[in-house]
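This report refers to the structure that appears directly beneath it.
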Amino acid sequence: MTKIKDGYKDSEIGVIPVEWEVVYLDDITIKITSGGTPSRSKNEYFTNGTINWLKTGELRDCYIYGTKEKITEDAINNSSAKLFPIDTLLIAMYGATIGRTAYLKTECATNQACCAIMFDNKLASPFFYWKYFYFIKDTLIGLGRGAGQPNISQGIIKELKIPLPPLKEQEKIADILSTADDKIDAIATQIEKAQTLKKGLLQKLLSEGIGHSEFKDSELGKIPESWEVKSLSMIGSFSKGKGISKNEVIKDGVPCMRYAEIYTEYDIVLKNIKSFINKKSALNSKKIINGDILFAGSGEILDDIGKSVAFIDDFEAYVGGDTVILSKSIDYNSLFMAYQLNSTFVRLQLRKLGQGSSVVHIYSSGLEKIKVPFPPLKEQKQIADILLTADEKLEVLRAKKEKYETLKKGLLQKLLSGEVRTV
């Protein structure tokens, strides 16, 4: 038998600090209930409303400061919809969103798929238990019942056995986790601003360039006087990778990129390749060289096809089937071209070229006709460098956010289990 360390005890929910109790959730709440949906046949309930009305799709383990849809006071008075106060904990009970949570920062009504929990503030910190329910989400999902989509009931939630630390300890844990949330939210705001800046840079630089005062009309709209319009067939030649079967993929060998990795793993630049094949298979495949642009030739949806990355390295690498390769016929900056080909303007052209239903394909014959604004080579490099700097800043911020999220996950585990004490 494993010895329990001093200051801890065994309980129905595992080892917990001796000062903690185990209670039913219903014991520490004022009310556990659910919302309701006003009749959709009465348009007046959803027209010019001022009351927040939340659907389970908006439960994303987040704060709720407002909702997309509003309802009227008549909707509340004449339906099963209820208005819940600030600090209410919401849990999704049905379907694909089961177990997701939200914490009300404003008064809000919800639909019937949301369980609303209002805590007794003399016994429980609502914020502490919001984090606890996020921590046990997998357990909640496991309690889901139903032959089709899983669901949990108010009864199941009320009868959950949960830890009850002393209120002061709950509040200290809540403060620590709230500080971690604030840090992550601050970084998320920085990421959002950086993404907005990059979007503006993309639109301006890829259409107006750098420092131009004279523009001309073109078949693609106004472009700088020194720019041209070129089809992809004018700047390069197309070829296609050769199919690689699953049994040819090995643990170590020659790098070989598969088409789906373009839209699932990479953004603008092909940085590394996760799949490998043996040398014999490589010789039967298609080798890529520095400067090639690689397109996803197939995908499940239109947004997958035609997404491209630049290969700007010198290591030996190959590509599998359904990867379309654009190799240079004239000199251009491959990084600039990858940004250009992933711009909204070009992606709209690419979507029109998709063929197929269950699997969508794009072919060289279509890609050759894509037309792009084509600046002088020097300006291409300047634009690419600016956009790459913006991307590198985003990458640093995302890595920072991921680091804090990992730290927060560790805090959740240690604090909510009582492994680390705050008293």
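In the structure tokens, chains take letters A, B, ... by order of appearance, with residues numbered from 1 within each chain and ligands from 1 in the order shown.
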
What's around A:Ile330 at 10 Å? Count only C-alpha atoms, leave out sequence neighbours fewer than 6 positions away in its own chain, and write the answer as a PDB file with N, CA, C and O atoms, in the first residue's frame.
```pdb
ATOM      1  N   MET A 234       4.253  32.332 -66.689  1.00  0.00           N
ATOM      2  CA  MET A 234       5.293  33.213 -67.210  1.00  0.00           C
ATOM      3  C   MET A 234       6.522  33.259 -66.309  1.00  0.00           C
ATOM      4  O   MET A 234       7.606  33.648 -66.748  1.00  0.00           O
ATOM      5  N   ILE A 235       6.362  32.868 -65.055  1.00  0.00           N
ATOM      6  CA  ILE A 235       7.494  32.989 -64.127  1.00  0.00           C
ATOM      7  C   ILE A 235       8.089  31.636 -63.735  1.00  0.00           C
ATOM      8  O   ILE A 235       9.158  31.577 -63.126  1.00  0.00           O
ATOM      9  N   GLY A 236       7.375  30.549 -64.062  1.00  0.00           N
ATOM     10  CA  GLY A 236       7.896  29.241 -63.670  1.00  0.00           C
ATOM     11  C   GLY A 236       7.225  28.112 -64.424  1.00  0.00           C
ATOM     12  O   GLY A 236       6.268  28.317 -65.182  1.00  0.00           O
ATOM     13  N   SER A 237       7.729  26.928 -64.190  1.00  0.00           N
ATOM     14  CA  SER A 237       7.148  25.726 -64.790  1.00  0.00           C
ATOM     15  C   SER A 237       6.636  24.811 -63.690  1.00  0.00           C
ATOM     16  O   SER A 237       7.174  24.782 -62.576  1.00  0.00           O
TER      17      SER A 237
END
```

Practice item. Please provide as an MDAnalysis selection string all residues within 9 Å of stretch 150-164 of chain A, with the sequence filter that same-chain residues fewer than 2 positions apart are discarded (counting only C-alpha atoms). Key: chainID A and resid 12:13 16 19:28 32:34 92:96 98:99 115 123:124 132 140:148 166:167 170 416:417

Check your understanding: Neighbours of A:Ser207 within 10 Å (only C-alpha atoms; same-chain residues fewer than 4 positions away dropped), as a list in words?
Key ->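 In the requested format, the answer is Leu201, Leu202, Gln203, Leu220, Gly221, Lys222, Ile223, Pro224, Trp227, Gln340, Phe345, Val372, Pro373, Phe374 and Pro375 of chain A.
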
Would you output that residue set with N, CA, C and O atoms, as an mmCIF file, in the first residue's frame?
```
data_model
loop_
_atom_site.group_PDB
_atom_site.id
_atom_site.type_symbol
_atom_site.label_atom_id
_atom_site.label_comp_id
_atom_site.auth_asym_id
_atom_site.auth_seq_id
_atom_site.Cartn_x
_atom_site.Cartn_y
_atom_site.Cartn_z
ATOM 1 N N LEU A 201 -0.424 45.151 -43.349
ATOM 2 C CA LEU A 201 0.817 45.175 -44.128
ATOM 3 C C LEU A 201 0.677 44.364 -45.408
ATOM 4 O O LEU A 201 1.096 44.795 -46.481
ATOM 5 N N LEU A 202 0.109 43.158 -45.286
ATOM 6 C CA LEU A 202 -0.085 42.303 -46.458
ATOM 7 C C LEU A 202 -0.880 43.022 -47.537
ATOM 8 O O LEU A 202 -0.487 43.071 -48.703
ATOM 9 N N GLN A 203 -2.009 43.586 -47.116
ATOM 10 C CA GLN A 203 -2.894 44.229 -48.085
ATOM 11 C C GLN A 203 -2.205 45.413 -48.761
ATOM 12 O O GLN A 203 -2.276 45.573 -49.989
ATOM 13 N N LEU A 220 -5.615 43.710 -63.007
ATOM 14 C CA LEU A 220 -5.821 43.351 -61.597
ATOM 15 C C LEU A 220 -6.150 44.573 -60.750
ATOM 16 O O LEU A 220 -6.193 44.487 -59.525
ATOM 17 N N GLY A 221 -6.377 45.713 -61.396
ATOM 18 C CA GLY A 221 -6.626 46.947 -60.664
ATOM 19 C C GLY A 221 -5.405 47.844 -60.705
ATOM 20 O O GLY A 221 -4.450 47.607 -61.461
ATOM 21 N N LYS A 222 -5.390 48.890 -59.869
ATOM 22 C CA LYS A 222 -4.255 49.817 -59.856
ATOM 23 C C LYS A 222 -3.047 49.165 -59.203
ATOM 24 O O LYS A 222 -3.159 48.564 -58.139
ATOM 25 N N ILE A 223 -1.893 49.312 -59.846
ATOM 26 C CA ILE A 223 -0.632 48.803 -59.312
ATOM 27 C C ILE A 223 0.439 49.872 -59.544
ATOM 28 O O ILE A 223 0.274 50.759 -60.387
ATOM 29 N N PRO A 224 1.548 49.833 -58.799
ATOM 30 C CA PRO A 224 2.631 50.796 -59.024
ATOM 31 C C PRO A 224 3.121 50.775 -60.473
ATOM 32 O O PRO A 224 3.112 49.731 -61.140
ATOM 33 N N TRP A 227 5.554 48.073 -61.645
ATOM 34 C CA TRP A 227 5.173 46.666 -61.506
ATOM 35 C C TRP A 227 4.585 46.138 -62.825
ATOM 36 O O TRP A 227 4.139 46.891 -63.683
ATOM 37 N N GLN A 340 2.599 36.268 -51.617
ATOM 38 C CA GLN A 340 1.665 36.687 -52.659
ATOM 39 C C GLN A 340 0.633 35.596 -52.954
ATOM 40 O O GLN A 340 -0.567 35.860 -53.058
ATOM 41 N N PHE A 345 -6.351 37.817 -52.156
ATOM 42 C CA PHE A 345 -6.622 38.041 -53.585
ATOM 43 C C PHE A 345 -6.379 36.779 -54.405
ATOM 44 O O PHE A 345 -7.202 36.385 -55.236
ATOM 45 N N VAL A 372 -0.696 37.497 -60.977
ATOM 46 C CA VAL A 372 -0.280 38.210 -59.772
ATOM 47 C C VAL A 372 0.435 39.501 -60.138
ATOM 48 O O VAL A 372 1.079 39.588 -61.205
ATOM 49 N N PRO A 373 0.344 40.534 -59.264
ATOM 50 C CA PRO A 373 1.204 41.714 -59.432
ATOM 51 C C PRO A 373 2.657 41.299 -59.205
ATOM 52 O O PRO A 373 2.947 40.531 -58.292
ATOM 53 N N PHE A 374 3.571 41.810 -60.037
ATOM 54 C CA PHE A 374 4.965 41.345 -60.010
ATOM 55 C C PHE A 374 5.901 42.550 -59.921
ATOM 56 O O PHE A 374 6.213 43.197 -60.914
ATOM 57 N N PRO A 375 6.381 42.877 -58.692
ATOM 58 C CA PRO A 375 7.296 44.004 -58.526
ATOM 59 C C PRO A 375 8.702 43.655 -59.015
ATOM 60 O O PRO A 375 9.027 42.478 -59.222
#
```

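For A:Thr406, the residues within 12 Å (counting only C-alpha atoms, excluding itself and residues fewer than 6 positions away along the chain) are Ala180, Asp181, Ile184, Ala399, Lys400, Leu412 and Gln413 of chain A.
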
Review point. How would you write, as an NGL selection string, the set of residues in stretch 188-299 of chain A that DSSP gives as strand (DSSP E)?
Key: :A and (215-218 or 221-224 or 228-231 or 236-240 or 249-250 or 254-257 or 276-277 or 286-288 or 293-296 or 298-299)

Point to revise | Surrounding residues of A:Gly291 excluding itself and chain neighbours under 4 positions, 7 Å, only C-alpha atoms, as a list of chain:residue names | key: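 Residues meeting the cut-off are A:Ala310, A:Phe311, A:Ile312, A:Ser334.
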
Those selected residues, please, written with C-alpha atoms and delivered as a short mmCIF file (atom, residue, chain, number, x, y, z; two decimals), in the first residue's frame.
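Dumped to out-v6.cif:
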```cif
data_model
loop_
_atom_site.label_atom_id
_atom_site.label_comp_id
_atom_site.auth_asym_id
_atom_site.auth_seq_id
_atom_site.Cartn_x
_atom_site.Cartn_y
_atom_site.Cartn_z
CA ALA A 310 8.39 28.22 -50.17
CA PHE A 311 11.29 25.78 -49.93
CA ILE A 312 14.29 28.03 -49.24
CA SER A 334 10.47 32.81 -53.40
#
```

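Nearest-residue note for A:Lys240: choosing from A:Trp53, A:Ile117, A:Ser364, A:Phe128, the minimum distance belongs to A:Ser364, counting only C-alpha atoms.
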
Point to revise | Which residue of A:Thr37, A:Ser79, A:Ser231, A:Thr47 approaches A:Gln112 most closely, using only C-alpha atoms | key: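 Smallest distance to A:Gln112 is found for A:Thr37.
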
Review point. Taking only C-alpha atoms into account, which of A:Gly14, A:Pro255, A:Gly306, A:Pro165 comes nearest A:Lys271?
Key: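 Closest residue, counting only C-alpha atoms: A:Pro255.
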
Check your understanding: Any idea what the distance is between atom CA of A:Ala75 and atom CA of A:Glu107?
Key ->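 So the two atoms, atom CA of A:Ala75 and atom CA of A:Glu107, lie 15.1 Å apart.
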
Practice item. Skip A:Ile51 itself and residues of its chain fewer than 5 positions away, then list as a ChimeraX atom specification all residues within 10 Å of it, counting only C-alpha atoms. Key: /A:46,66-67,69-73,75-76,83,107-109

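Shortest atom-to-atom contact with A:Tyr63 among A:Ala81, A:Leu89, A:Val229, A:Leu388: A:Leu89, counting only C-alpha atoms.
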
Counting only C-alpha atoms, which residues of stretch 230-290 of chain A sit at most 7 Å from some atom of stretch 296-301 of chain A, and what is each one's closest atom pair with its distance in Å to one decimal, listed by chain and rising residue number, as a Markdown table?
```
| residue | atom | partner | partner_atom | distance |
| --- | --- | --- | --- | --- |
| A:Tyr259 | CA | A:Ala296 | CA | 5.0 |
| A:Ala260 | CA | A:Ala296 | CA | 6.7 |
| A:Ile262 | CA | A:Ala296 | CA | 6.1 |
```

Output N, CA and C atoms for every residue in the selection just made, as a compact mmCIF listing (two decimals), in the first residue's frame.
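Final output, saved to part_35.txt:
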```
# COMPACT_ATOMS: atom_id res chain seq x y z
N TYR A 259 1.52 16.14 -49.17
CA TYR A 259 0.75 17.34 -49.50
C TYR A 259 -0.06 17.89 -48.34
N ALA A 260 -0.62 17.01 -47.48
CA ALA A 260 -1.46 17.49 -46.38
C ALA A 260 -0.68 18.30 -45.37
N ILE A 262 1.27 20.65 -45.98
CA ILE A 262 1.31 22.06 -46.39
C ILE A 262 0.23 22.86 -45.66
```

Check your understanding: Given the choices A:Val15, A:Ala188, A:Ala194, A:Val309, which gets closest to A:Asp391 if the distance is worked out from only C-alpha atoms?
Key -> A:Ala194

Check your understanding: Contacts of A:Lys279 at 9 Å or less, counting only C-alpha atoms, minus same-chain residues fewer than 4 places along, as a PyMOL selection string?
Key -> chain A and resi 253-254+283-284

Export of the given selection (all heavy atoms) as a short mmCIF file (atom, residue, chain, number, x, y, z; two decimals), in the first residue's frame:
```cif
data_model
loop_
_atom_site.label_atom_id
_atom_site.label_comp_id
_atom_site.auth_asym_id
_atom_site.auth_seq_id
_atom_site.Cartn_x
_atom_site.Cartn_y
_atom_site.Cartn_z
N GLY A 253 15.40 8.48 -42.67
CA GLY A 253 15.69 8.33 -44.09
C GLY A 253 15.78 9.69 -44.75
O GLY A 253 16.20 10.67 -44.14
N VAL A 254 15.33 9.77 -46.00
CA VAL A 254 15.38 11.02 -46.75
C VAL A 254 14.07 11.78 -46.51
O VAL A 254 12.98 11.20 -46.62
CB VAL A 254 15.55 10.74 -48.25
CG1 VAL A 254 15.63 12.05 -49.03
CG2 VAL A 254 16.79 9.90 -48.48
N LEU A 283 14.45 8.03 -55.03
CA LEU A 283 14.88 8.11 -56.42
C LEU A 283 13.70 8.02 -57.38
O LEU A 283 13.77 8.50 -58.51
CB LEU A 283 15.89 6.99 -56.71
CG LEU A 283 17.25 7.14 -56.00
CD1 LEU A 283 18.11 5.90 -56.24
CD2 LEU A 283 17.98 8.39 -56.46
N ASN A 284 12.61 7.40 -56.93
CA ASN A 284 11.41 7.29 -57.75
C ASN A 284 10.44 8.45 -57.51
O ASN A 284 9.38 8.51 -58.13
CB ASN A 284 10.70 5.97 -57.47
CG ASN A 284 11.50 4.78 -57.93
OD1 ASN A 284 12.14 4.84 -58.98
ND2 ASN A 284 11.48 3.69 -57.17
#
```

Exercise for review: Would you return as a VMD selection string the members of stretch 179-412 of chain A that DSSP assigns to helix (DSSP H, G or I) on this structure's backbone?
Suggested key: chain A and resid 179 to 208 232 to 235 246 to 248 260 to 264 279 to 283 334 to 341 344 to 351 364 to 367 377 to 412

Practice item. Kindly give the distance, in Å, that separates atom CA of A:Met118 and atom CA of A:Trp130, rounded to a single decimal. Key: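 Atom CA of A:Trp130 lies at a distance of 10.9 Å from atom CA of A:Met118.
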